[in-house]
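Chemist: Below is the file data.txt, which contains compact mmCIF, C-alpha atoms and all ligand atoms.
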```txt
# COMPACT_ATOMS: atom_id res chain seq x y z
CA MET B 266 5.16 -36.02 -0.33
CA SER B 267 6.98 -34.28 -3.14
CA ASP B 268 10.75 -34.30 -3.31
CA ARG B 269 10.91 -31.23 -5.51
CA LYS B 270 10.95 -28.87 -2.53
CA ALA B 271 13.92 -26.84 -3.70
CA PRO B 272 14.72 -24.39 -0.92
CA GLY B 273 15.21 -21.65 -3.48
CA LYS B 274 11.58 -21.32 -4.49
CA LYS B 275 10.66 -17.65 -4.23
CA LEU B 276 7.06 -18.18 -3.17
CA LEU B 277 8.03 -20.55 -0.34
CA LYS B 278 10.64 -18.08 0.87
CA ALA B 279 8.12 -15.25 1.02
CA LEU B 280 5.74 -17.49 3.00
CA ALA B 281 8.61 -18.30 5.38
CA GLY B 282 8.86 -14.56 6.04
CA GLU B 283 12.09 -14.15 4.11
CA MET B 284 12.90 -11.35 1.70
CA THR B 285 13.26 -12.48 -1.91
CA ASP B 286 15.13 -11.09 -4.88
CA GLY B 287 12.05 -9.88 -6.70
CA ILE B 288 8.45 -10.33 -5.57
CA PRO B 289 6.84 -13.71 -6.39
CA VAL B 290 3.67 -13.51 -8.49
CA TRP B 291 0.71 -15.70 -9.42
CA LEU B 292 -2.92 -14.76 -10.09
CA MET B 293 -6.16 -16.24 -8.80
CA ARG B 294 -8.03 -17.97 -11.71
CA GLN B 295 -4.86 -17.80 -13.80
CA ALA B 296 -6.19 -20.80 -15.72
CA GLY B 297 -9.53 -20.02 -17.33
CA ARG B 298 -11.65 -18.74 -20.16
CA TYR B 299 -9.52 -15.65 -20.90
CA LEU B 300 -6.95 -18.05 -22.45
CA PRO B 301 -7.75 -19.42 -25.94
CA GLU B 302 -5.80 -22.61 -25.16
CA TYR B 303 -8.04 -23.16 -22.10
CA ARG B 304 -11.22 -22.75 -24.18
CA LYS B 305 -9.91 -25.37 -26.57
CA VAL B 306 -9.32 -28.01 -23.86
CA ARG B 307 -12.58 -27.01 -22.13
CA ALA B 308 -14.50 -27.73 -25.38
CA GLU B 309 -12.73 -31.07 -25.78
CA ALA B 310 -13.51 -32.09 -22.18
CA GLY B 311 -17.24 -31.45 -22.57
CA SER B 312 -18.43 -30.56 -19.11
CA PHE B 313 -16.55 -28.46 -16.57
CA LEU B 314 -16.54 -31.30 -14.02
CA ASP B 315 -15.14 -33.70 -16.63
CA LEU B 316 -12.32 -31.20 -17.08
CA CYS B 317 -11.70 -31.22 -13.31
CA TYR B 318 -11.86 -35.04 -13.04
CA THR B 319 -9.70 -35.95 -16.06
CA PRO B 320 -6.03 -35.70 -14.99
CA ASP B 321 -4.79 -35.30 -18.60
CA PHE B 322 -6.98 -32.24 -19.13
CA ALA B 323 -6.66 -30.76 -15.62
CA GLU B 324 -2.86 -31.05 -15.71
CA GLU B 325 -2.73 -29.40 -19.13
CA VAL B 326 -4.86 -26.37 -18.17
CA THR B 327 -2.91 -25.91 -14.92
CA LEU B 328 0.31 -25.73 -16.94
CA GLN B 329 -0.99 -23.36 -19.65
CA PRO B 330 -0.54 -20.09 -17.71
CA ILE B 331 2.85 -21.26 -16.40
CA ARG B 332 4.14 -21.77 -19.95
CA ARG B 333 2.75 -18.46 -21.13
CA PHE B 334 3.67 -16.18 -18.24
CA GLY B 335 6.25 -17.94 -16.01
CA PHE B 336 4.30 -17.47 -12.78
CA ASP B 337 6.04 -18.43 -9.52
CA ALA B 338 3.17 -20.75 -8.59
CA ALA B 339 0.75 -23.08 -10.33
CA ILE B 340 -2.64 -23.61 -8.67
CA LEU B 341 -4.23 -27.00 -9.17
CA PHE B 342 -7.06 -26.80 -11.69
CA SER B 343 -10.20 -27.91 -9.89
CA ASP B 344 -13.09 -26.17 -8.12
CA ILE B 345 -14.27 -25.60 -4.56
CA LEU B 346 -17.50 -27.44 -5.40
CA VAL B 347 -15.84 -30.84 -5.95
CA VAL B 348 -16.20 -31.29 -2.17
CA PRO B 349 -20.04 -31.20 -2.10
CA ASP B 350 -19.95 -33.35 -5.25
CA ALA B 351 -17.79 -35.90 -3.40
CA LEU B 352 -20.17 -35.75 -0.43
CA GLY B 353 -22.93 -36.94 -2.73
CA GLN B 354 -24.74 -33.67 -3.45
CA GLN B 355 -25.30 -33.46 -7.21
CA VAL B 356 -23.32 -30.55 -8.70
CA ALA B 357 -23.60 -29.36 -12.30
CA PHE B 358 -22.04 -26.38 -14.06
CA LYS B 359 -24.53 -24.93 -16.51
CA GLU B 360 -23.42 -22.83 -19.46
CA GLY B 361 -23.90 -19.14 -18.66
CA GLU B 362 -25.43 -19.95 -15.27
CA GLY B 363 -22.57 -21.21 -13.13
CA PRO B 364 -22.94 -23.99 -10.57
CA VAL B 365 -26.31 -25.59 -9.84
CA LEU B 366 -26.84 -27.94 -6.86
CA GLU B 367 -29.88 -29.54 -5.30
CA PRO B 368 -30.30 -27.26 -2.24
CA ILE B 369 -29.84 -28.70 1.27
CA THR B 370 -31.75 -26.62 3.79
CA ASP B 371 -32.44 -28.90 6.76
CA LEU B 372 -31.13 -31.85 8.77
CA ALA B 373 -32.98 -34.33 6.55
CA GLY B 374 -30.96 -33.01 3.59
CA LEU B 375 -27.73 -33.24 5.58
CA ALA B 376 -28.46 -36.82 6.55
CA LYS B 377 -28.32 -37.82 2.87
CA LEU B 378 -24.70 -36.71 2.53
CA SER B 379 -21.95 -39.29 2.83
CA SER B 380 -19.18 -39.24 5.42
CA PRO B 381 -16.22 -36.85 4.99
CA ASP B 382 -13.86 -39.85 5.13
CA GLY B 383 -15.10 -40.90 1.69
CA VAL B 384 -13.98 -37.67 0.02
CA LYS B 385 -10.43 -38.93 -0.51
CA GLY B 386 -11.59 -41.97 -2.43
CA ARG B 387 -14.04 -40.13 -4.64
CA LEU B 388 -11.62 -37.32 -5.49
CA ALA B 389 -8.76 -39.66 -6.46
CA PRO B 390 -8.49 -38.18 -10.01
CA VAL B 391 -7.87 -34.73 -8.50
CA TYR B 392 -4.95 -36.06 -6.44
CA GLU B 393 -3.65 -37.86 -9.52
CA THR B 394 -3.54 -34.44 -11.23
CA VAL B 395 -1.57 -33.03 -8.28
CA ALA B 396 0.90 -35.93 -8.44
CA ARG B 397 1.44 -35.43 -12.16
CA LEU B 398 1.93 -31.68 -11.74
CA SER B 399 4.44 -32.24 -9.01
CA ARG B 400 6.50 -34.11 -11.63
CA SER B 401 5.88 -31.89 -14.65
CA LEU B 402 6.21 -28.37 -13.24
CA PRO B 403 9.46 -26.42 -13.67
CA SER B 404 11.65 -26.82 -10.56
CA GLU B 405 11.27 -23.17 -9.54
CA THR B 406 7.45 -23.24 -9.64
CA THR B 407 5.51 -23.86 -6.41
CA LEU B 408 2.44 -26.09 -6.55
CA ILE B 409 -0.60 -24.73 -4.68
CA GLY B 410 -3.50 -26.96 -3.65
CA PHE B 411 -6.79 -25.42 -2.52
CA ALA B 412 -10.27 -25.78 -1.13
CA GLY B 413 -13.22 -23.54 -0.41
CA ALA B 414 -13.78 -22.49 3.20
CA PRO B 415 -16.77 -24.14 4.92
CA TRP B 416 -18.93 -20.98 4.95
CA THR B 417 -18.44 -20.24 1.24
CA VAL B 418 -19.01 -23.87 0.20
CA ALA B 419 -22.10 -23.95 2.45
CA THR B 420 -23.58 -20.90 0.69
CA TYR B 421 -23.65 -22.91 -2.56
CA MET B 422 -24.83 -26.12 -0.89
CA VAL B 423 -27.74 -24.39 0.83
CA GLY B 424 -28.64 -21.86 -1.89
CA GLY B 425 -28.23 -24.35 -4.72
CA ARG B 426 -26.43 -21.70 -6.77
CA GLY B 427 -24.43 -18.49 -6.46
CA SER B 428 -26.34 -15.55 -4.99
CA PRO B 429 -25.52 -11.88 -4.42
CA ASP B 430 -26.51 -11.95 -0.72
CA GLN B 431 -26.12 -15.58 0.46
CA ALA B 432 -29.69 -15.25 1.78
CA ALA B 433 -30.51 -18.97 1.87
CA ALA B 434 -27.45 -19.95 3.92
CA LYS B 435 -27.99 -16.98 6.25
CA ALA B 436 -31.65 -17.92 6.72
CA TRP B 437 -30.59 -21.32 8.07
CA ALA B 438 -27.59 -20.00 10.04
CA TYR B 439 -29.76 -17.40 11.81
CA ARG B 440 -32.89 -19.54 12.30
CA ALA B 441 -31.07 -22.58 13.70
CA PRO B 442 -27.38 -21.83 14.29
CA ASP B 443 -26.64 -25.19 15.96
CA GLU B 444 -28.16 -27.09 13.06
CA PHE B 445 -26.20 -25.03 10.56
CA GLN B 446 -23.08 -25.70 12.63
CA THR B 447 -23.50 -29.41 11.83
CA LEU B 448 -23.00 -28.61 8.15
CA ILE B 449 -19.99 -26.38 8.90
CA ASP B 450 -18.41 -29.12 11.07
CA LEU B 451 -18.91 -31.69 8.33
CA LEU B 452 -17.24 -29.32 5.86
CA VAL B 453 -14.33 -28.70 8.23
CA GLU B 454 -13.66 -32.47 8.28
CA ALA B 455 -14.11 -32.87 4.51
CA THR B 456 -11.87 -29.87 3.81
CA VAL B 457 -9.06 -31.18 6.03
CA GLU B 458 -9.25 -34.59 4.28
CA HIS B 459 -9.28 -32.98 0.83
CA LEU B 460 -6.34 -30.65 1.58
CA SER B 461 -4.35 -33.43 3.28
CA ALA B 462 -4.70 -35.66 0.23
CA GLN B 463 -3.39 -32.83 -1.96
CA VAL B 464 -0.31 -32.43 0.27
CA GLU B 465 0.27 -36.19 0.19
CA ALA B 466 0.14 -36.03 -3.62
CA GLY B 467 2.68 -33.18 -3.79
CA ALA B 468 1.01 -29.80 -3.09
CA GLU B 469 3.52 -27.52 -1.35
CA VAL B 470 1.20 -24.69 -0.26
CA LEU B 471 -2.55 -24.67 0.45
CA GLN B 472 -4.97 -21.82 -0.14
CA VAL B 473 -8.44 -21.67 1.39
CA PHE B 474 -10.98 -19.46 -0.42
CA ASP B 475 -13.63 -17.78 1.74
CA THR B 476 -15.16 -15.70 -1.04
CA TRP B 477 -18.30 -14.79 0.95
CA ALA B 478 -16.74 -14.23 4.40
CA GLY B 479 -17.39 -10.50 4.14
CA SER B 480 -21.15 -10.84 4.07
CA LEU B 481 -21.26 -12.16 7.67
CA PRO B 482 -21.89 -9.85 10.64
CA GLU B 483 -19.26 -9.98 13.38
CA LEU B 484 -20.68 -12.71 15.62
CA SER B 485 -21.46 -15.00 12.68
CA PHE B 486 -18.08 -14.24 11.11
CA GLU B 487 -16.40 -15.43 14.32
CA ARG B 488 -18.40 -18.62 14.42
CA PHE B 489 -18.69 -19.59 10.74
CA ALA B 490 -15.57 -18.06 9.13
CA LEU B 491 -12.84 -17.50 11.74
CA GLN B 492 -13.36 -20.56 13.97
CA PRO B 493 -13.59 -23.12 11.13
CA MET B 494 -10.42 -21.71 9.53
CA LYS B 495 -8.65 -21.91 12.90
CA THR B 496 -9.66 -25.56 13.28
CA ILE B 497 -8.63 -26.42 9.71
CA ARG B 498 -5.29 -24.70 10.24
CA GLU B 499 -4.65 -26.56 13.53
CA LYS B 500 -5.52 -29.95 12.08
CA LEU B 501 -3.31 -29.40 9.03
CA LYS B 502 -0.47 -28.16 11.21
CA ALA B 503 -0.63 -31.35 13.29
CA ARG B 504 -0.32 -33.46 10.12
CA PHE B 505 2.00 -31.26 8.03
CA PRO B 506 3.81 -28.78 10.29
CA ASP B 507 5.85 -27.28 7.43
CA VAL B 508 3.15 -26.75 4.82
CA PRO B 509 2.13 -23.07 4.61
CA VAL B 510 -1.55 -22.15 4.46
CA ILE B 511 -2.86 -18.97 2.83
CA ALA B 512 -6.41 -17.81 3.63
CA PHE B 513 -8.54 -15.53 1.46
CA PRO B 514 -11.31 -14.12 3.70
CA ARG B 515 -12.73 -11.86 1.01
CA GLY B 516 -14.37 -8.72 2.39
CA ALA B 517 -13.25 -9.38 6.00
CA GLY B 518 -12.56 -5.63 6.40
CA GLY B 519 -12.12 -4.71 10.06
CA MET B 520 -12.05 -8.39 11.01
CA ALA B 521 -8.94 -9.15 8.94
CA GLU B 522 -6.43 -8.45 11.71
CA ARG B 523 -8.12 -10.75 14.24
CA TYR B 524 -8.70 -13.37 11.58
CA PHE B 525 -5.01 -13.45 10.59
CA ARG B 526 -3.82 -13.60 14.22
CA GLU B 527 -6.37 -16.03 15.61
CA THR B 528 -6.51 -18.53 12.73
CA GLY B 529 -2.70 -18.75 12.69
CA VAL B 530 -2.53 -19.01 8.90
CA THR B 531 0.85 -18.39 7.27
CA GLY B 532 -0.34 -15.93 4.66
CA LEU B 533 -3.31 -13.64 4.17
CA SER B 534 -4.67 -12.92 0.69
CA LEU B 535 -6.13 -9.39 0.53
CA ASP B 536 -9.18 -8.44 -1.50
CA THR B 537 -9.27 -5.31 -3.65
CA GLY B 538 -10.91 -3.16 -0.97
CA VAL B 539 -8.04 -3.41 1.55
CA SER B 540 -5.73 -0.38 1.75
CA PRO B 541 -2.14 -1.52 1.14
CA ALA B 542 -0.76 0.96 3.72
CA TRP B 543 -3.25 -0.23 6.35
CA ALA B 544 -2.31 -3.83 5.57
CA ARG B 545 1.40 -3.04 5.84
CA ASP B 546 0.92 -1.35 9.23
CA ASN B 547 -1.58 -3.78 10.76
CA LEU B 548 -1.10 -7.17 9.10
CA GLN B 549 2.34 -7.60 7.60
CA GLY B 550 4.02 -8.00 11.00
CA GLN B 551 1.99 -11.20 11.47
CA GLY B 552 3.07 -12.90 8.27
CA CYS B 553 3.18 -12.87 4.50
CA LEU B 554 0.56 -10.86 2.60
CA GLN B 555 -0.76 -11.53 -0.90
CA GLY B 556 -2.77 -9.30 -3.21
CA ASN B 557 -4.58 -7.19 -4.26
CA LEU B 558 -4.84 -5.56 -7.71
CA ASP B 559 -8.41 -5.07 -8.93
CA PRO B 560 -9.03 -7.73 -11.65
CA LEU B 561 -10.80 -5.01 -13.66
CA LEU B 562 -7.55 -3.00 -13.82
CA LEU B 563 -6.13 -6.06 -15.56
CA VAL B 564 -8.98 -5.86 -18.06
CA ALA B 565 -8.26 -2.16 -18.69
CA GLY B 566 -4.45 -2.45 -18.81
CA GLY B 567 -2.45 0.67 -19.70
CA PRO B 568 -1.05 3.38 -17.42
CA GLU B 569 -3.73 3.05 -14.73
CA MET B 570 -3.01 -0.68 -14.31
CA ARG B 571 0.72 0.02 -14.06
CA ARG B 572 0.26 2.92 -11.62
CA GLN B 573 -1.92 0.90 -9.24
CA ALA B 574 0.29 -2.21 -9.46
CA LEU B 575 3.32 -0.06 -8.57
CA HIS B 576 1.40 1.49 -5.66
CA ILE B 577 0.84 -2.00 -4.24
CA LEU B 578 4.46 -3.07 -4.82
CA GLU B 579 5.87 0.10 -3.29
CA THR B 580 3.65 -0.14 -0.22
CA LEU B 581 3.87 -3.88 0.49
CA GLY B 582 7.05 -4.93 -1.34
CA GLN B 583 9.37 -4.21 1.62
CA GLY B 584 8.00 -7.08 3.70
CA PRO B 585 7.18 -10.71 2.88
CA PHE B 586 4.78 -10.33 -0.03
CA ILE B 587 3.27 -12.24 -2.96
CA PHE B 588 1.78 -10.20 -5.79
CA ASN B 589 -1.73 -11.29 -6.82
CA LEU B 590 -5.16 -9.90 -7.63
CA GLY B 591 -7.86 -8.94 -5.13
CA HIS B 592 -10.14 -11.60 -6.71
CA GLY B 593 -9.99 -13.92 -9.73
CA ILE B 594 -9.17 -13.04 -13.37
CA VAL B 595 -12.38 -12.41 -15.35
CA PRO B 596 -13.02 -13.97 -18.80
CA GLN B 597 -12.80 -10.68 -20.76
CA THR B 598 -9.16 -10.10 -19.66
CA PRO B 599 -6.72 -9.65 -22.57
CA PRO B 600 -3.81 -12.11 -22.07
CA GLU B 601 -1.38 -9.36 -23.22
CA HIS B 602 -2.27 -7.34 -20.13
CA VAL B 603 -1.39 -10.31 -17.93
CA ALA B 604 1.99 -10.60 -19.67
CA GLU B 605 2.63 -6.90 -19.12
CA LEU B 606 1.70 -7.09 -15.44
CA VAL B 607 3.89 -10.12 -14.79
CA THR B 608 6.90 -8.41 -16.40
CA LEU B 609 6.29 -5.28 -14.33
CA VAL B 610 6.24 -7.30 -11.09
CA GLN B 611 9.23 -9.45 -12.07
CA GLU B 612 11.36 -6.40 -12.85
CA TRP B 613 10.38 -4.40 -9.76
CA ARG B 614 12.91 -4.02 -6.92
CA PRO B 615 12.45 -2.01 -3.72
O1 LIG B 701 -6.81 -21.01 -11.91
C1 LIG B 701 -7.31 -21.18 -10.78
O2 LIG B 701 -7.46 -20.26 -9.94
C2 LIG B 701 -7.64 -22.60 -10.33
C3 LIG B 701 -8.94 -23.07 -10.52
C4 LIG B 701 -10.15 -22.52 -9.76
C5 LIG B 701 -11.44 -22.50 -10.34
N1 LIG B 701 -12.33 -22.13 -9.39
C6 LIG B 701 -11.74 -22.87 -11.73
C7 LIG B 701 -13.03 -22.46 -12.34
C8 LIG B 701 -10.29 -22.07 -8.44
C9 LIG B 701 -9.22 -21.83 -7.38
C10 LIG B 701 -11.69 -21.83 -8.22
C11 LIG B 701 -12.24 -21.40 -6.92
C12 LIG B 701 -13.68 -21.10 -6.82
N2 LIG B 701 -14.73 -21.70 -7.46
C13 LIG B 701 -14.23 -20.12 -5.93
C14 LIG B 701 -13.44 -19.31 -4.93
C15 LIG B 701 -12.67 -18.19 -5.55
C16 LIG B 701 -13.51 -17.10 -6.21
O3 LIG B 701 -13.36 -16.96 -7.43
O4 LIG B 701 -14.27 -16.45 -5.52
C17 LIG B 701 -15.61 -20.14 -6.10
C18 LIG B 701 -16.62 -19.27 -5.37
C19 LIG B 701 -15.92 -21.14 -7.06
C20 LIG B 701 -17.28 -21.59 -7.51
C21 LIG B 701 -17.47 -21.39 -8.97
N3 LIG B 701 -16.82 -22.11 -9.95
C22 LIG B 701 -18.36 -20.49 -9.60
C23 LIG B 701 -19.28 -19.51 -8.90
C24 LIG B 701 -18.21 -20.69 -10.99
C25 LIG B 701 -19.02 -20.02 -12.08
C26 LIG B 701 -18.55 -18.65 -12.39
C27 LIG B 701 -17.62 -18.68 -13.57
O5 LIG B 701 -16.60 -17.98 -13.51
O6 LIG B 701 -17.95 -19.39 -14.52
C28 LIG B 701 -17.21 -21.68 -11.19
C29 LIG B 701 -16.71 -22.21 -12.48
C30 LIG B 701 -15.24 -22.18 -12.70
N4 LIG B 701 -14.27 -22.58 -11.79
C31 LIG B 701 -14.56 -21.80 -13.90
C32 LIG B 701 -13.19 -21.98 -13.68
C33 LIG B 701 -12.07 -21.76 -14.66
C34 LIG B 701 -15.24 -21.37 -15.20
C35 LIG B 701 -15.89 -22.58 -15.80
C36 LIG B 701 -15.85 -22.68 -17.31
O7 LIG B 701 -14.78 -22.92 -17.89
O8 LIG B 701 -16.91 -22.55 -17.91
```
For this file, write the structure as structure tokens.

Modeler:
Amino acid sequence: MSDRKAPGKKLLKALAGEMTDGIPVWLMRQAGRYLPEYRKVRAEAGSFLDLCYTPDFAEEVTLQPIRRFGFDAAILFSDILVVPDALGQQVAFKEGEGPVLEPITDLAGLAKLSSPDGVKGRLAPVYETVARLSRSLPSETTLIGFAGAPWTVATYMVGGRGSPDQAAAKAWAYRAPDEFQTLIDLLVEATVEHLSAQVEAGAEVLQVFDTWAGSLPELSFERFALQPMKTIREKLKARFPDVPVIAFPRGAGGMAERYFRETGVTGLSLDTGVSPAWARDNLQGQGCLQGNLDPLLLVAGGPEMRRQALHILETLGQGPFIFNLGHGIVPQTPPEHVAELVTLVQEWRP
């Protein structure tokens, strides 16, 4: 494990429920196509997966937004779909199309996947990137490792690509819930292995992205989003009792309160649709919150971005809080707007 765990790190303090002098800030997808220096390395790497699997390149693009903006945390540059790739399902990222996988829709497809124990071996270059970052990051910057939540990763594995309604994964989950559970259980194991290896390489905080949690009706949300996160959290806690876990159950809406309490995660990342005042009154007592500026306000910039960022800070900045977006930075974002937002957050005091 890393020895750079300076107790003074602002982001770790907020996750420990302490008040900090100034609100820590990082942004989902802070490394990406909106940065010219990212596009340069991306072109050099060739394919997106080569970028993820080449420690020299992945380390460099993780550091780019830290150098430019001085964020309080760096998030490992990788993708949630390296897990299916490591399980033996072919994954490709096609230009202008996003991820493409050979769909798995039945038990015969599942049987072709390799065991979750093998993930650690096949993703060795990713952990090498983590180890390098843990040496090269500034001492005040927290290193975040991550994975996709089982439901969200399953939507890509079953659908073979991104979809607006997750119809393919739902078709299987509703037709044969116990069969679909086999896939979720496999992903729980693989996710715990993948996150554990990141901690062993030096990650100080873990974030689990459940981008499509909000499309599930209550009973399926309990079974395929809440329960798996609870299991992942328990298993990680047994191995690494002090490592904080942040969950991002995007679109959880009225289920957010139960999700936060029952999964036992340290921090909850709020999507854009969550009212800051509601979150303060119903969630902040349970732990640290993170969020939730609309990424499109960051595209627009100007007075409306500043007004809505201040609204979030003023409502949530009295309790343990990490400033972030409600979803990832989009490619058309002007980097100058990011610089302006970061300064605004860094200078804000209650
Ligand atoms: O800076 C960071 O946040 C770290 C890196 C990171 C990426 N993806 C890099 C990436 C993280 C944390 C992710 C998570 C991820 N990946 C999620 C969950 C969070 C979310 O945004 O909802 C999901 C659903 C994915 C799957 C994925 N990866 C899709 C659907 C796509 C295509 C869409 C797109 O933006 O191109 C990707 C590709 C991807 N992952 C890119 C980046 C920077 C763009 C690839 C490129 O450079 O061409």

Chemist: Out of B:Ala308, B:Ala462, B:Gly424, B:Gln472, which residue has the shortest atom-to-atom distance to Ala339 of chain B when counting only C-alpha atoms?

Modeler: B:Gln472

Chemist: Please list, as a PyMOL selection string, the residues that have an atom at most 10 Å away from (5.0, -19.5, -0.1) in the coordinates of this file, counting only C-alpha atoms.

Modeler: chain B and resi 274-283+289+337-338+407-409+469-471+508-511+531-532+553+555+585-587

Chemist: How would the residues just chosen look if you wrote them out with C-alpha atoms as a PDB file, in the coordinates of the input?

Modeler:
```
ATOM      1  CA  LYS B 274      11.580 -21.320  -4.490  1.00  0.00           C
ATOM      2  CA  LYS B 275      10.660 -17.650  -4.230  1.00  0.00           C
ATOM      3  CA  LEU B 276       7.060 -18.180  -3.170  1.00  0.00           C
ATOM      4  CA  LEU B 277       8.030 -20.550  -0.340  1.00  0.00           C
ATOM      5  CA  LYS B 278      10.640 -18.080   0.870  1.00  0.00           C
ATOM      6  CA  ALA B 279       8.120 -15.250   1.020  1.00  0.00           C
ATOM      7  CA  LEU B 280       5.740 -17.490   3.000  1.00  0.00           C
ATOM      8  CA  ALA B 281       8.610 -18.300   5.380  1.00  0.00           C
ATOM      9  CA  GLY B 282       8.860 -14.560   6.040  1.00  0.00           C
ATOM     10  CA  GLU B 283      12.090 -14.150   4.110  1.00  0.00           C
ATOM     11  CA  PRO B 289       6.840 -13.710  -6.390  1.00  0.00           C
ATOM     12  CA  ASP B 337       6.040 -18.430  -9.520  1.00  0.00           C
ATOM     13  CA  ALA B 338       3.170 -20.750  -8.590  1.00  0.00           C
ATOM     14  CA  THR B 407       5.510 -23.860  -6.410  1.00  0.00           C
ATOM     15  CA  LEU B 408       2.440 -26.090  -6.550  1.00  0.00           C
ATOM     16  CA  ILE B 409      -0.600 -24.730  -4.680  1.00  0.00           C
ATOM     17  CA  GLU B 469       3.520 -27.520  -1.350  1.00  0.00           C
ATOM     18  CA  VAL B 470       1.200 -24.690  -0.260  1.00  0.00           C
ATOM     19  CA  LEU B 471      -2.550 -24.670   0.450  1.00  0.00           C
ATOM     20  CA  VAL B 508       3.150 -26.750   4.820  1.00  0.00           C
ATOM     21  CA  PRO B 509       2.130 -23.070   4.610  1.00  0.00           C
ATOM     22  CA  VAL B 510      -1.550 -22.150   4.460  1.00  0.00           C
ATOM     23  CA  ILE B 511      -2.860 -18.970   2.830  1.00  0.00           C
ATOM     24  CA  THR B 531       0.850 -18.390   7.270  1.00  0.00           C
ATOM     25  CA  GLY B 532      -0.340 -15.930   4.660  1.00  0.00           C
ATOM     26  CA  CYS B 553       3.180 -12.870   4.500  1.00  0.00           C
ATOM     27  CA  GLN B 555      -0.760 -11.530  -0.900  1.00  0.00           C
ATOM     28  CA  PRO B 585       7.180 -10.710   2.880  1.00  0.00           C
ATOM     29  CA  PHE B 586       4.780 -10.330  -0.030  1.00  0.00           C
ATOM     30  CA  ILE B 587       3.270 -12.240  -2.960  1.00  0.00           C
TER      31      ILE B 587
END
```

Chemist: For the atom pair atom CA of Pro364 of chain B and atom CA of Ile340 of chain B, what is the interatomic distance in Å to one decimal place?

Modeler: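 Distance reported for this atom pair: 20.4 Å.
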
Chemist: Which is closer to ligand LIG 701 (chain B) than all the others in B:Val453, B:Leu372, B:Ala357, B:Leu533, using all atoms listed in the file?

Modeler: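 Selected residue with least distance to ligand LIG 701 (chain B): B:Ala357.
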
Chemist: Using only C-alpha atoms and all ligand atoms, can you tell me which of B:Leu590, B:Val607, B:Val418, B:Ala376 comes closest to ligand LIG 701 (chain B)?

Modeler: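 Using only C-alpha atoms and all ligand atoms, the shortest distance to ligand LIG 701 (chain B) belongs to B:Val418.
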
Chemist: Let me see if you get this right: every residue at most 7 Å from ligand LIG 701 (chain B), counting only C-alpha atoms and all ligand atoms, written as a PyMOL selection string.

Modeler: chain B and resi 293-298+307+313+327+340-346+358+360+363-364+411+413+417+427+474-476+592-593

Chemist: Can those selected residues be exported to a file as a CSV table (one decimal), in the coordinates of the input so that it contains C-alpha atoms?

Modeler:
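The resulting selection.csv:
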```csv
chain,number,residue,atom,x,y,z
B,293,MET,CA,-6.2,-16.2,-8.8
B,294,ARG,CA,-8.0,-18.0,-11.7
B,295,GLN,CA,-4.9,-17.8,-13.8
B,296,ALA,CA,-6.2,-20.8,-15.7
B,297,GLY,CA,-9.5,-20.0,-17.3
B,298,ARG,CA,-11.6,-18.7,-20.2
B,307,ARG,CA,-12.6,-27.0,-22.1
B,313,PHE,CA,-16.6,-28.5,-16.6
B,327,THR,CA,-2.9,-25.9,-14.9
B,340,ILE,CA,-2.6,-23.6,-8.7
B,341,LEU,CA,-4.2,-27.0,-9.2
B,342,PHE,CA,-7.1,-26.8,-11.7
B,343,SER,CA,-10.2,-27.9,-9.9
B,344,ASP,CA,-13.1,-26.2,-8.1
B,345,ILE,CA,-14.3,-25.6,-4.6
B,346,LEU,CA,-17.5,-27.4,-5.4
B,358,PHE,CA,-22.0,-26.4,-14.1
B,360,GLU,CA,-23.4,-22.8,-19.5
B,363,GLY,CA,-22.6,-21.2,-13.1
B,364,PRO,CA,-22.9,-24.0,-10.6
B,411,PHE,CA,-6.8,-25.4,-2.5
B,413,GLY,CA,-13.2,-23.5,-0.4
B,417,THR,CA,-18.4,-20.2,1.2
B,427,GLY,CA,-24.4,-18.5,-6.5
B,474,PHE,CA,-11.0,-19.5,-0.4
B,475,ASP,CA,-13.6,-17.8,1.7
B,476,THR,CA,-15.2,-15.7,-1.0
B,592,HIS,CA,-10.1,-11.6,-6.7
B,593,GLY,CA,-10.0,-13.9,-9.7
```

Chemist: Taking only C-alpha atoms into account, name the residue in B:Phe588, B:Leu606, B:Pro600, B:Gln355 that is nearest to Gly567 of chain B.

Modeler: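 Smallest distance to Gly567 of chain B is found for B:Leu606.
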
Chemist: With a distance cut-off of 12 Å and all atoms listed in the file, select the neighbouring residues of Pro320 of chain B, excluding the residue or stretch itself and same-chain residues fewer than 4 positions from it, and output the selection as a short mmCIF file (atom, residue, chain, number, x, y, z; two decimals) with C-alpha atoms, in the frame of the given file.

Modeler:
```cif
data_model
loop_
_atom_site.label_atom_id
_atom_site.label_comp_id
_atom_site.auth_asym_id
_atom_site.auth_seq_id
_atom_site.Cartn_x
_atom_site.Cartn_y
_atom_site.Cartn_z
CA ALA B 310 -13.51 -32.09 -22.18
CA LEU B 314 -16.54 -31.30 -14.02
CA ASP B 315 -15.14 -33.70 -16.63
CA LEU B 316 -12.32 -31.20 -17.08
CA GLU B 324 -2.86 -31.05 -15.71
CA GLU B 325 -2.73 -29.40 -19.13
CA VAL B 326 -4.86 -26.37 -18.17
CA THR B 327 -2.91 -25.91 -14.92
CA LEU B 328 0.31 -25.73 -16.94
CA LEU B 341 -4.23 -27.00 -9.17
CA PHE B 342 -7.06 -26.80 -11.69
CA SER B 343 -10.20 -27.91 -9.89
CA LEU B 388 -11.62 -37.32 -5.49
CA ALA B 389 -8.76 -39.66 -6.46
CA PRO B 390 -8.49 -38.18 -10.01
CA VAL B 391 -7.87 -34.73 -8.50
CA TYR B 392 -4.95 -36.06 -6.44
CA GLU B 393 -3.65 -37.86 -9.52
CA THR B 394 -3.54 -34.44 -11.23
CA VAL B 395 -1.57 -33.03 -8.28
CA ALA B 396 0.90 -35.93 -8.44
CA ARG B 397 1.44 -35.43 -12.16
CA LEU B 398 1.93 -31.68 -11.74
#
```
